[in-house]
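Enquirer: Handing over protein_32.cif, mmCIF, C-alpha atoms and all ligand atoms.
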data_model
loop_
_atom_site.label_atom_id
_atom_site.label_comp_id
_atom_site.auth_asym_id
_atom_site.auth_seq_id
_atom_site.Cartn_x
_atom_site.Cartn_y
_atom_site.Cartn_z
CA MET D 1 -30.30 97.41 4.94
CA ARG D 2 -33.32 97.52 7.22
CA ARG D 3 -34.56 94.31 5.81
CA ILE D 4 -31.21 92.48 6.25
CA LEU D 5 -30.80 93.32 10.00
CA PRO D 6 -33.80 91.35 11.29
CA ASP D 7 -32.65 88.34 9.21
CA LEU D 8 -29.16 88.42 10.78
CA LEU D 9 -30.73 88.56 14.24
CA SER D 10 -32.82 85.44 13.59
CA VAL D 11 -29.77 83.52 12.21
CA ALA D 12 -27.85 84.41 15.42
CA ALA D 13 -30.77 83.13 17.53
CA VAL D 14 -30.80 79.79 15.71
CA CYS D 15 -27.03 79.43 16.24
CA VAL D 16 -27.31 80.10 19.97
CA ILE D 17 -30.08 77.50 20.34
CA ALA D 18 -28.06 74.92 18.37
CA ALA D 19 -24.97 75.51 20.51
CA LEU D 20 -27.01 75.13 23.71
CA LEU D 21 -28.49 71.86 22.43
CA ALA D 22 -25.01 70.55 21.53
CA VAL D 23 -23.74 71.29 25.05
CA ILE D 24 -26.78 69.54 26.58
CA ILE D 25 -26.27 66.46 24.34
CA VAL D 26 -22.54 66.25 25.16
CA PHE D 27 -23.07 66.39 28.93
CA ALA D 28 -26.07 64.05 28.82
CA THR D 29 -23.89 61.38 27.16
CA PRO D 30 -22.34 59.10 29.87
CA LEU D 31 -18.56 59.09 30.08
CA GLN D 32 -17.12 55.52 30.28
CA VAL D 33 -13.66 54.03 30.60
CA ILE D 34 -13.32 51.04 28.24
CA PRO D 35 -10.23 48.77 28.15
CA VAL D 36 -8.99 48.48 24.56
CA GLY D 37 -9.05 44.82 23.43
CA GLY D 38 -11.58 43.67 26.03
CA ASP D 39 -11.83 43.29 29.78
CA ALA D 40 -10.54 39.70 29.75
CA VAL D 41 -7.36 38.73 27.92
CA THR D 42 -5.38 35.49 27.88
CA VAL D 43 -1.66 35.46 27.14
CA GLY D 44 0.94 32.71 26.91
CA ILE D 45 3.55 32.02 29.53
CA ASN D 46 6.82 33.90 28.88
CA SER D 47 5.22 35.95 26.13
CA THR D 48 5.68 39.72 26.09
CA TYR D 49 2.56 41.43 27.40
CA LEU D 50 1.86 44.90 26.01
CA ASP D 51 -1.14 46.56 27.58
CA GLU D 52 -3.30 48.36 25.04
CA GLY D 53 -4.64 50.83 27.62
CA ALA D 54 -8.16 52.16 27.84
CA GLU D 55 -10.29 54.78 26.16
CA ALA D 56 -12.72 57.41 27.45
CA LYS D 57 -14.60 59.38 24.79
CA ARG D 58 -17.69 61.54 24.77
CA ILE D 59 -18.89 62.52 21.29
CA VAL D 60 -15.94 64.45 19.86
CA PHE D 61 -14.13 64.84 23.19
CA ASP D 62 -11.37 62.31 23.93
CA TYR D 63 -10.13 62.03 27.56
CA SER D 64 -8.08 58.85 27.01
CA ASP D 65 -4.79 60.65 27.71
CA GLU D 66 -5.97 61.43 31.24
CA ILE D 67 -6.53 57.77 32.18
CA THR D 68 -4.06 56.26 34.62
CA ALA D 69 -3.40 52.48 34.77
CA GLN D 70 -2.44 50.46 37.85
CA GLY D 71 -1.31 46.85 38.08
CA SER D 72 1.19 44.69 36.21
CA VAL D 73 1.39 41.32 34.52
CA ASN D 74 4.20 38.82 35.14
CA THR D 75 4.06 36.43 32.17
CA ALA D 76 6.64 34.18 33.81
CA VAL D 77 4.11 33.18 36.47
CA PRO D 78 0.73 31.68 35.48
CA GLY D 79 -2.33 33.26 37.10
CA ASP D 80 -4.89 36.06 36.84
CA TYR D 81 -3.68 39.68 36.95
CA GLU D 82 -5.83 42.81 37.21
CA ILE D 83 -5.16 46.18 35.61
CA THR D 84 -7.32 49.07 36.85
CA TYR D 85 -7.90 52.13 34.67
CA THR D 86 -8.97 55.38 36.37
CA LEU D 87 -10.23 58.69 34.98
CA ASN D 88 -10.56 61.62 37.44
CA GLY D 89 -12.36 64.93 36.87
CA HIS D 90 -15.23 65.41 34.41
CA GLY D 91 -17.77 64.62 37.14
CA LYS D 92 -17.49 61.38 39.10
CA THR D 93 -14.30 59.23 39.03
CA LYS D 94 -14.64 56.47 36.43
CA THR D 95 -12.83 53.10 36.61
CA ALA D 96 -12.58 49.89 34.61
CA VAL D 97 -10.75 46.63 35.27
CA ARG D 98 -9.10 44.25 32.84
CA THR D 99 -8.23 40.68 33.87
CA VAL D 100 -5.14 39.26 32.20
CA THR D 101 -4.79 35.48 32.49
CA VAL D 102 -1.32 34.09 32.04
CA LYS D 103 -1.27 30.42 31.11
CA ASP D 104 0.25 27.83 28.81
CA ILE D 105 -1.63 28.25 25.54
CA THR D 106 0.78 26.39 23.26
CA ALA D 107 0.14 22.74 22.39
CA PRO D 108 3.09 20.35 22.59
CA ARG D 109 5.04 19.71 19.39
CA LEU D 110 4.27 16.13 18.30
CA THR D 111 6.67 14.66 15.75
CA LEU D 112 6.29 11.25 14.10
CA LYS D 113 9.43 9.38 13.14
CA GLY D 114 9.45 7.22 10.02
CA ASP D 115 7.01 7.31 7.11
CA LYS D 116 3.54 8.84 7.17
CA LEU D 117 2.28 5.97 5.01
CA ILE D 118 3.31 2.49 6.08
CA GLU D 119 2.89 -0.52 3.82
CA MET D 120 2.18 -3.62 5.88
CA ASP D 121 1.83 -7.25 5.00
CA TYR D 122 -1.38 -8.87 6.19
CA LEU D 123 -1.02 -10.39 9.68
CA SER D 124 2.46 -8.95 10.07
CA GLU D 125 3.09 -7.15 13.31
CA TYR D 126 2.92 -3.38 13.21
CA GLU D 127 6.24 -1.91 14.24
CA GLU D 128 5.88 1.59 15.59
CA PRO D 129 8.61 3.77 14.04
CA GLY D 130 8.35 6.08 17.05
CA PHE D 131 7.38 9.62 17.95
CA GLU D 132 8.45 12.53 20.12
CA ALA D 133 6.48 15.18 21.97
CA ALA D 134 7.83 18.25 23.71
CA ASP D 135 5.94 21.03 25.46
CA ASP D 136 7.11 24.60 26.11
CA ILE D 137 6.23 24.35 29.77
CA ASP D 138 5.96 20.63 30.62
CA GLY D 139 9.12 19.61 28.75
CA ASP D 140 9.33 16.09 27.26
CA VAL D 141 5.81 14.61 27.16
CA THR D 142 6.57 11.68 24.83
CA ALA D 143 5.42 9.25 27.52
CA SER D 144 1.93 10.81 27.45
CA VAL D 145 1.38 10.24 23.72
CA SER D 146 -1.54 7.94 22.97
CA ARG D 147 -2.11 6.09 19.70
CA VAL D 148 -5.51 4.84 18.52
CA LEU D 149 -6.67 3.14 15.35
CA THR D 150 -9.22 5.69 14.22
CA ASP D 151 -11.08 3.49 11.74
CA VAL D 152 -11.74 0.16 13.38
CA SER D 153 -14.69 -0.88 11.22
CA ASP D 154 -12.66 -3.32 9.17
CA VAL D 155 -10.44 -5.12 11.62
CA ASP D 156 -10.23 -8.87 11.24
CA GLU D 157 -10.49 -11.63 13.81
CA THR D 158 -7.11 -10.80 15.31
CA GLY D 159 -7.98 -7.13 15.65
CA ALA D 160 -5.55 -6.37 12.82
CA PRO D 161 -6.60 -4.22 9.88
CA ALA D 162 -8.15 -6.18 7.01
CA VAL D 163 -6.34 -6.80 3.77
CA GLY D 164 -6.32 -4.09 1.12
CA LYS D 165 -7.70 -1.36 3.38
CA TYR D 166 -6.26 1.93 4.53
CA TYR D 167 -6.30 2.73 8.23
CA THR D 168 -5.37 5.75 10.24
CA TYR D 169 -3.47 5.79 13.47
CA THR D 170 -4.16 9.03 15.32
CA TYR D 171 -1.54 10.07 17.85
CA SER D 172 -2.38 12.70 20.43
CA VAL D 173 -0.79 14.33 23.43
CA THR D 174 -2.21 16.86 25.87
CA ASP D 175 -0.18 19.14 28.13
CA LYS D 176 -1.08 19.88 31.77
CA THR D 177 -3.09 22.93 30.77
CA GLY D 178 -5.18 20.96 28.29
CA ASN D 179 -3.59 21.96 24.99
CA THR D 180 -3.73 19.01 22.60
CA ALA D 181 -1.58 18.20 19.58
CA GLU D 182 -2.49 15.49 17.06
CA ALA D 183 -0.70 13.70 14.25
CA THR D 184 -1.78 10.87 11.96
CA ARG D 185 -0.16 7.99 10.19
CA THR D 186 -1.75 5.87 7.46
CA LEU D 187 -1.40 2.11 7.23
CA HIS D 188 -2.03 0.19 4.07
CA VAL D 189 -2.41 -3.51 4.58
CA ASN D 190 -1.15 -5.66 1.72
CA HIS D 191 -1.67 -9.29 1.09
CA ALA D 192 1.55 -11.26 1.44
CA PHE D 193 0.88 -13.33 -1.67
CA SER D 194 -1.02 -12.90 -4.88
CA ALA D 195 -2.05 -15.31 -7.62
CA GLU D 196 0.78 -13.83 -9.71
CA ASP D 197 3.63 -14.64 -7.36
CA ALA D 198 2.32 -18.01 -6.17
CA LYS D 199 4.12 -21.18 -7.33
CA PRO D 200 1.48 -23.81 -8.16
CA ASP D 201 2.68 -27.43 -8.36
CA GLY D 202 0.41 -27.99 -11.40
CA ASN D 203 -1.88 -30.70 -10.05
CA SER D 204 -3.33 -29.26 -6.84
CA PHE D 205 -6.43 -27.09 -7.18
CA ILE D 206 -8.85 -25.37 -4.85
CA CYS D 207 -12.40 -24.40 -5.81
CA LEU D 208 -13.78 -22.20 -3.04
CA THR D 209 -17.56 -22.53 -3.08
CA PHE D 210 -19.92 -20.25 -1.16
CA ASP D 211 -23.50 -21.41 -0.57
CA ASP D 212 -26.71 -19.58 0.41
CA GLY D 213 -25.79 -16.04 -0.73
CA PRO D 214 -25.96 -13.30 -1.70
CA SER D 215 -25.89 -11.63 1.73
CA THR D 216 -26.07 -8.01 2.83
CA GLU D 217 -22.65 -7.74 4.45
CA VAL D 218 -20.60 -10.83 3.78
CA THR D 219 -20.83 -11.14 -0.04
CA ASP D 220 -18.93 -7.91 -0.67
CA LYS D 221 -16.29 -8.78 1.93
CA ILE D 222 -15.71 -12.14 0.25
CA LEU D 223 -15.60 -10.49 -3.19
CA ASP D 224 -13.19 -7.80 -1.95
CA THR D 225 -10.79 -10.43 -0.62
CA LEU D 226 -11.03 -12.57 -3.78
CA SER D 227 -10.33 -9.48 -5.86
CA ILE D 228 -7.28 -8.51 -3.80
CA TYR D 229 -5.73 -11.93 -4.33
CA GLY D 230 -6.90 -12.32 -7.93
CA VAL D 231 -8.66 -15.55 -6.93
CA LYS D 232 -11.83 -16.85 -8.64
CA ALA D 233 -14.53 -18.74 -6.74
CA THR D 234 -17.99 -20.22 -7.18
CA PHE D 235 -21.21 -18.97 -5.58
CA PHE D 236 -24.15 -21.36 -5.19
CA ILE D 237 -26.82 -18.76 -4.67
CA CYS D 238 -30.44 -18.74 -3.46
CA ASP D 239 -33.20 -16.19 -4.06
CA TYR D 240 -32.34 -12.51 -3.73
CA GLY D 241 -33.98 -9.09 -3.85
CA GLU D 242 -33.12 -5.83 -5.58
CA GLU D 243 -29.87 -5.33 -3.65
CA GLY D 244 -28.90 -8.90 -4.42
CA VAL D 245 -29.00 -8.25 -8.17
CA LYS D 246 -26.00 -5.91 -7.85
CA LYS D 247 -24.07 -8.49 -5.88
CA VAL D 248 -24.82 -11.30 -8.34
CA LYS D 249 -23.79 -9.01 -11.21
CA ARG D 250 -20.60 -8.17 -9.35
CA MET D 251 -19.81 -11.90 -8.99
CA ILE D 252 -20.22 -12.37 -12.74
CA ASP D 253 -18.37 -9.16 -13.69
CA GLU D 254 -15.40 -10.18 -11.55
CA GLY D 255 -15.11 -13.55 -13.25
CA HIS D 256 -16.61 -15.84 -10.62
CA THR D 257 -18.97 -18.69 -11.38
CA VAL D 258 -22.58 -18.20 -10.36
CA ALA D 259 -24.40 -21.44 -9.74
CA MET D 260 -27.77 -22.51 -8.32
CA HIS D 261 -28.68 -23.65 -4.81
CA THR D 262 -32.48 -23.34 -5.35
CA LEU D 263 -34.55 -20.22 -4.64
CA SER D 264 -36.15 -21.37 -1.39
CA HIS D 265 -33.63 -23.79 0.18
CA ASP D 266 -36.77 -25.32 1.70
CA TYR D 267 -36.23 -29.09 2.03
CA SER D 268 -39.89 -29.98 2.50
CA ARG D 269 -40.91 -28.12 -0.64
CA LEU D 270 -37.93 -29.05 -2.82
CA TYR D 271 -37.69 -32.72 -1.97
CA SER D 272 -41.41 -33.51 -1.98
CA SER D 273 -40.97 -34.51 -5.63
CA ALA D 274 -38.35 -34.39 -8.37
CA ASP D 275 -40.69 -32.18 -10.43
CA ASN D 276 -40.99 -29.63 -7.61
CA PHE D 277 -37.24 -29.45 -7.34
CA MET D 278 -36.66 -29.13 -11.07
CA SER D 279 -39.35 -26.49 -11.55
CA GLU D 280 -37.69 -24.35 -8.88
CA ILE D 281 -34.30 -24.83 -10.54
CA HIS D 282 -35.84 -23.78 -13.88
CA ARG D 283 -37.35 -20.67 -12.29
CA GLN D 284 -34.03 -19.80 -10.68
CA GLN D 285 -32.12 -20.33 -13.90
CA GLU D 286 -34.53 -18.01 -15.72
CA LYS D 287 -34.41 -15.37 -12.96
CA ILE D 288 -30.61 -15.21 -12.99
CA ARG D 289 -30.58 -15.17 -16.80
CA SER D 290 -33.08 -12.32 -17.04
CA ASP D 291 -31.36 -10.32 -14.27
CA THR D 292 -27.81 -10.73 -15.53
CA GLY D 293 -27.78 -12.29 -18.99
CA TYR D 294 -25.82 -15.22 -17.52
CA LYS D 295 -27.39 -18.69 -17.64
CA PRO D 296 -26.13 -20.87 -14.78
CA MET D 297 -25.62 -24.58 -15.56
CA TYR D 298 -24.27 -25.89 -12.27
CA LEU D 299 -26.10 -26.53 -9.05
CA ARG D 300 -25.63 -27.80 -5.54
CA PHE D 301 -28.42 -29.64 -3.75
CA PRO D 302 -29.31 -28.12 -0.37
CA GLY D 303 -27.84 -30.62 2.10
CA GLY D 304 -25.75 -32.18 -0.69
CA SER D 305 -26.67 -35.14 -2.95
CA SER D 306 -26.02 -37.51 -0.03
CA ASN D 307 -28.62 -35.91 2.24
CA THR D 308 -31.05 -38.26 3.98
CA ILE D 309 -33.55 -35.56 5.06
CA SER D 310 -35.13 -35.79 1.61
CA ALA D 311 -36.34 -39.31 2.52
CA ASP D 312 -38.75 -37.66 4.96
CA TYR D 313 -40.54 -36.06 1.99
CA CYS D 314 -40.09 -38.41 -0.96
CA ASP D 315 -38.55 -41.82 -1.34
CA GLY D 316 -35.77 -42.01 -3.93
CA VAL D 317 -35.96 -38.33 -4.83
CA MET D 318 -32.18 -37.78 -4.80
CA THR D 319 -31.60 -40.74 -7.12
CA ALA D 320 -34.17 -39.30 -9.52
CA LEU D 321 -32.77 -35.78 -9.25
CA THR D 322 -29.13 -36.67 -9.90
CA GLU D 323 -30.27 -38.36 -13.12
CA LYS D 324 -32.59 -35.53 -14.16
CA VAL D 325 -29.89 -32.89 -13.68
CA HIS D 326 -27.56 -34.77 -16.01
CA ALA D 327 -30.35 -35.50 -18.49
CA GLU D 328 -30.93 -31.75 -18.77
CA GLY D 329 -27.25 -31.09 -19.50
CA MET D 330 -26.58 -29.59 -16.08
CA GLU D 331 -24.04 -30.67 -13.46
CA TYR D 332 -24.23 -30.80 -9.69
CA PHE D 333 -21.33 -30.38 -7.30
CA ASP D 334 -20.90 -31.64 -3.77
CA TRP D 335 -17.67 -31.01 -1.85
CA ASN D 336 -14.60 -32.90 -0.65
CA ALA D 337 -13.30 -30.33 1.84
CA ASP D 338 -15.38 -28.65 4.53
CA SER D 339 -14.52 -25.35 6.21
CA GLY D 340 -16.93 -26.29 9.01
CA ASP D 341 -18.72 -22.95 8.91
CA ALA D 342 -22.11 -24.75 8.82
CA ARG D 343 -21.56 -26.12 12.33
CA GLY D 344 -22.60 -22.84 13.93
CA ASN D 345 -22.67 -19.08 13.53
CA GLY D 346 -19.58 -17.03 14.29
CA VAL D 347 -17.33 -20.10 14.43
CA ASP D 348 -13.85 -19.00 15.48
CA PRO D 349 -11.94 -18.04 12.29
CA ASP D 350 -8.90 -19.93 13.61
CA THR D 351 -11.02 -23.10 13.64
CA LEU D 352 -12.29 -22.47 10.09
CA TYR D 353 -8.75 -21.87 8.89
CA GLN D 354 -7.47 -25.01 10.60
CA ASN D 355 -10.34 -27.10 9.15
CA PHE D 356 -9.48 -25.79 5.70
CA VAL D 357 -5.78 -26.61 6.11
CA ASN D 358 -6.60 -30.12 7.39
CA GLU D 359 -9.14 -30.93 4.67
CA ILE D 360 -7.41 -29.86 1.46
CA GLU D 361 -5.04 -32.29 -0.25
CA HIS D 362 -2.39 -32.01 -2.93
CA GLY D 363 -2.85 -33.81 -6.24
CA ARG D 364 -6.61 -33.26 -6.63
CA THR D 365 -9.26 -30.62 -7.11
CA ASN D 366 -10.47 -29.59 -3.66
CA ILE D 367 -14.03 -28.34 -3.68
CA VAL D 368 -14.33 -26.45 -0.42
CA LEU D 369 -17.72 -25.96 1.26
CA MET D 370 -18.22 -22.48 2.70
CA HIS D 371 -21.17 -20.15 3.25
CA ASP D 372 -22.06 -16.62 2.27
CA THR D 373 -24.62 -15.40 4.81
CA ASP D 374 -24.41 -12.55 7.30
CA ALA D 375 -24.38 -15.10 10.14
CA LYS D 376 -21.15 -16.58 8.68
CA TYR D 377 -19.12 -13.38 8.95
CA THR D 378 -16.17 -15.30 10.36
CA THR D 379 -15.90 -17.14 7.04
CA ALA D 380 -15.06 -13.81 5.38
CA GLU D 381 -12.59 -13.10 8.19
CA ALA D 382 -10.78 -16.40 7.77
CA LEU D 383 -10.70 -16.20 3.97
CA PRO D 384 -7.48 -14.17 3.46
CA ARG D 385 -5.48 -16.61 5.55
CA MET D 386 -6.96 -19.61 3.72
CA ILE D 387 -6.05 -18.09 0.35
CA GLU D 388 -2.55 -17.21 1.52
CA TYR D 389 -2.06 -20.73 2.81
CA GLY D 390 -3.20 -22.24 -0.52
CA LEU D 391 -1.10 -19.91 -2.66
CA SER D 392 2.02 -20.44 -0.63
CA ASN D 393 1.62 -24.24 -0.56
CA GLY D 394 1.47 -25.09 -4.25
CA TYR D 395 -2.27 -24.82 -4.86
CA GLU D 396 -4.00 -22.98 -7.66
CA PHE D 397 -7.44 -21.44 -7.09
CA THR D 398 -10.01 -21.91 -9.82
CA CYS D 399 -13.74 -21.46 -10.16
CA ILE D 400 -15.95 -24.28 -11.35
CA THR D 401 -16.06 -24.59 -15.14
CA ASP D 402 -17.02 -27.29 -17.62
CA SER D 403 -13.54 -28.77 -17.22
CA THR D 404 -13.84 -29.14 -13.44
CA THR D 405 -14.19 -32.80 -12.48
CA PRO D 406 -17.36 -32.92 -10.39
CA VAL D 407 -17.26 -34.15 -6.83
CA HIS D 408 -20.29 -36.33 -6.11
CA HIS D 409 -21.22 -37.81 -2.78
CA SER D 410 -22.88 -41.20 -2.75
CA VAL D 411 -26.63 -40.84 -2.98
CA ASN D 412 -28.49 -42.23 0.05
CA ASN D 413 -32.08 -41.75 -1.03
ZN ZN Y 501 -27.25 -24.39 1.63
#
What does this structure look like when you write it as structure tokens?
Ligand SMILES: [Zn+2]

Expert:
Amino acid sequence: MRRILPDLLSVAAVCVIAALLAVIIVFATPLQVIPVGGDAVTVGINSTYLDEGAEAKRIVFDYSDEITAQGSVNTAVPGDYEITYTLNGHGKTKTAVRTVTVKDITAPRLTLKGDKLIEMDYLSEYEEPGFEAADDIDGDVTASVSRVLTDVSDVDETGAPAVGKYYTYTYSVTDKTGNTAEATRTLHVNHAFSAEDAKPDGNSFICLTFDDGPSTEVTDKILDTLSIYGVKATFFICDYGEEGVKKVKRMIDEGHTVAMHTLSHDYSRLYSSADNFMSEIHRQQEKIRSDTGYKPMYLRFPGGSSNTISADYCDGVMTALTEKVHAEGMEYFDWNADSGDARGNGVDPDTLYQNFVNEIEHGRTNIVLMHDTDAKYTTAEALPRMIEYGLSNGYEFTCITDSTTPVHHSVNN
């Protein structure tokens, strides 16, 4: 018993000290009024605003019930409203303010009429099926809807989407407060004709021939268009690098004829002697064969067999070359229709198309001169229209084969 008493006394002392410390900690902690949900709130016009009140807590003591709120929010009228929270007693009076902003926070409803995917014929006019836009506050905002072609990388010379591609029209409308709604529509541009539904007259042919490729940009565009229409063509190619190998392989894989136009296209080198020309042709033939497994047997002379520039370098070289080519079992092709794309870079596609239409003739094989270089990008742009013209006017498109009657110009040197 005597031993227990002093122990109880010391336990009581510890309790008293702990209680004193707790009181000190509680009163040393600042008392704050804090609006629940933040001191800045935005609400929509005509919505129901329910104020969440404020809190004031100190450790385990909660004085929130004693807070009074002043101020009101009229959600029918846009603007900033203030609500003041006050806590009296417990030392100094504490206050906090919440700003409630009433504004239009709802984007207009934008509705597209018609289909979300529209199939279009190439060069046909796009007919907008229509749209509607209504805003909670601003009412009918249809007149403010804007429409843009989002992907404009593949438009053709008329600004119309290119054949075979998908495009997106993005519609958007913004209300007076800056809320934006968007909607999209996809366009798929079809060719109007294909090799399958063309009606050839049986004796009118077109061999499209592309010289000087492969090129970085234009080769694939030409090949894409040919593929869409199921049309085969002939490429008289020059030297090419690593990227070019893929393009030459693509030509072969897609059933086109790959033919030679010399590696260098350098008149002074090629036409300085028949041997120089032939050795370059042999090197080119071997390069294409080793790159692709395809051995080309047709060629086109740079400048054509009728060129007179060669006379500057070697007298009679074209006469010798036309014989040598045949002696080696090869064939050369000139042209009897000219797209005119060699007359400049970026020639208006309308002009190229018109040249093509004027130069081709029924009742023969038309070998059409065109070019595949990045400078001749308008050739690729005019191509779909040329093909559509040919298909819808009784022509059949073929690539050069052993059964193609060669077109030879008259040799002038
Ligand atoms: Zn050329």

Enquirer: Using only C-alpha atoms and all ligand atoms, find each residue with an atom at most 12 Å away from ligand ZN 501 (chain Y) and format the answer as number ranges by chain.

Expert: D: 209-214, 235-239, 260-267, 299-305, 307, 334, 341-342, 369-373

Enquirer: Between D:Phe397, D:Tyr298, D:Phe205, D:Tyr81, which residue has the minimum interatomic distance to D:Phe333, considering only C-alpha atoms?

Expert: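 Among D:Phe397, D:Tyr298, D:Phe205, D:Tyr81, it is D:Tyr298 that comes nearest to D:Phe333.
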
Enquirer: Which is closest to D:Lys246 among D:Ile288, D:Val36, D:Met120, D:Ala56, if we use only C-alpha atoms?

Expert: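 Residue with the minimum atom-to-atom distance to D:Lys246: D:Ile288.
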
Enquirer: So that I can check the surroundings of D:Asn179, please list as a PyMOL selection string every protein, DNA and RNA residue that reaches within 10 Å of it, counting only C-alpha atoms and ignoring chain neighbours fewer than 5 positions away.

Expert: chain D and resi 104-108+135+173-174

Enquirer: Atom CA of D:Tyr166 to atom CA of D:Pro349: how many Å, to one decimal?

Expert: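 Distance reported for this atom pair: 22.2 Å.
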
Enquirer: Could you tell me how far atom CA of D:Val102 lies from atom CA of D:Gly79, in Å and to one decimal?

Expert: 5.2 Å

Enquirer: If you measure from atom CA of D:Val41 to atom CA of D:Asp140, what distance in Å do you get, rounded to one decimal?

Expert: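 Separation between atom CA of D:Val41 and atom CA of D:Asp140: 28.1 Å.
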
Enquirer: In terms of the shortest atom-to-atom distance over all atoms listed in the file, which of D:Arg250, D:Arg364, D:Lys199, D:His256 is closest to D:Thr234?

Expert: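 The shortest atom-to-atom distance to D:Thr234 comes from D:His256.
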
Enquirer: Show which residues sit within 10 Å of D:Val218, as number ranges by chain. Count only C-alpha atoms, and ignore same-chain residues fewer than 5 positions away.

Expert: D: 213, 223-224, 371-381

Enquirer: Applying 10 Å and only C-alpha atoms, which residues near D:Gly44 remain after dropping the ones on its own chain fewer than 2 positions away? List them as a list of chain:residue names.

Expert: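 My list of contacting residues is D:Thr42, D:Asn46, D:Ser47, D:Thr48, D:Tyr49, D:Thr75, D:Ala76, D:Pro78, D:Thr101, D:Val102, D:Lys103, D:Asp104, D:Ile105, D:Thr106.
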
Enquirer: Taking into account only C-alpha atoms, which residue in the set D:Leu112, D:Ala19, D:Val60, D:Ala134 is nearest to D:Arg147?

Expert: D:Leu112

Enquirer: Find the spatial neighbours of D:Ser268, counting all atoms listed in the file, within a cut-off of 9 Å - ignore same-chain residues fewer than 5 positions away - and output them as a compact mmCIF listing (two decimals) with C-alpha atoms, in the coordinates of the input.

Expert:
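Saved result, selection28.txt, follows:
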# COMPACT_ATOMS: atom_id res chain seq x y z
CA ILE D 309 -33.55 -35.56 5.06
CA SER D 310 -35.13 -35.79 1.61
CA ASP D 312 -38.75 -37.66 4.96
CA TYR D 313 -40.54 -36.06 1.99

Enquirer: Select, from D:Leu352, D:Ile59, D:Leu110, D:Val33, the residue with the minimum atom-to-atom distance to D:Lys92, counting only C-alpha atoms.

Expert: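 Counting only C-alpha atoms, the residue closest to D:Lys92 is D:Val33.
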
Enquirer: Residues near D:Asn413, anyone? I mean within 7 Å using only C-alpha atoms, not counting same-chain ones fewer than 6 positions away, as a ChimeraX atom specification.

Expert: /D:308,311,315-319

Enquirer: With 4 Å on each side, where is the centre of the axis-aligned box around all listed atoms of stretch 264-282 of chain D, and how long are its edges in Å to one decimal, as JSON?

Expert:
{"center_x": -37.5, "center_y": -27.9, "center_z": -5.7, "size_x": 15.8, "size_y": 21.1, "size_z": 24.4}

Enquirer: With distances taken over only C-alpha atoms, which residue among D:Glu254, D:Asp121, D:Asp175, D:Glu243 lies nearest D:Ile222?

Expert: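 For D:Ile222, the nearest of the candidates is D:Glu254.
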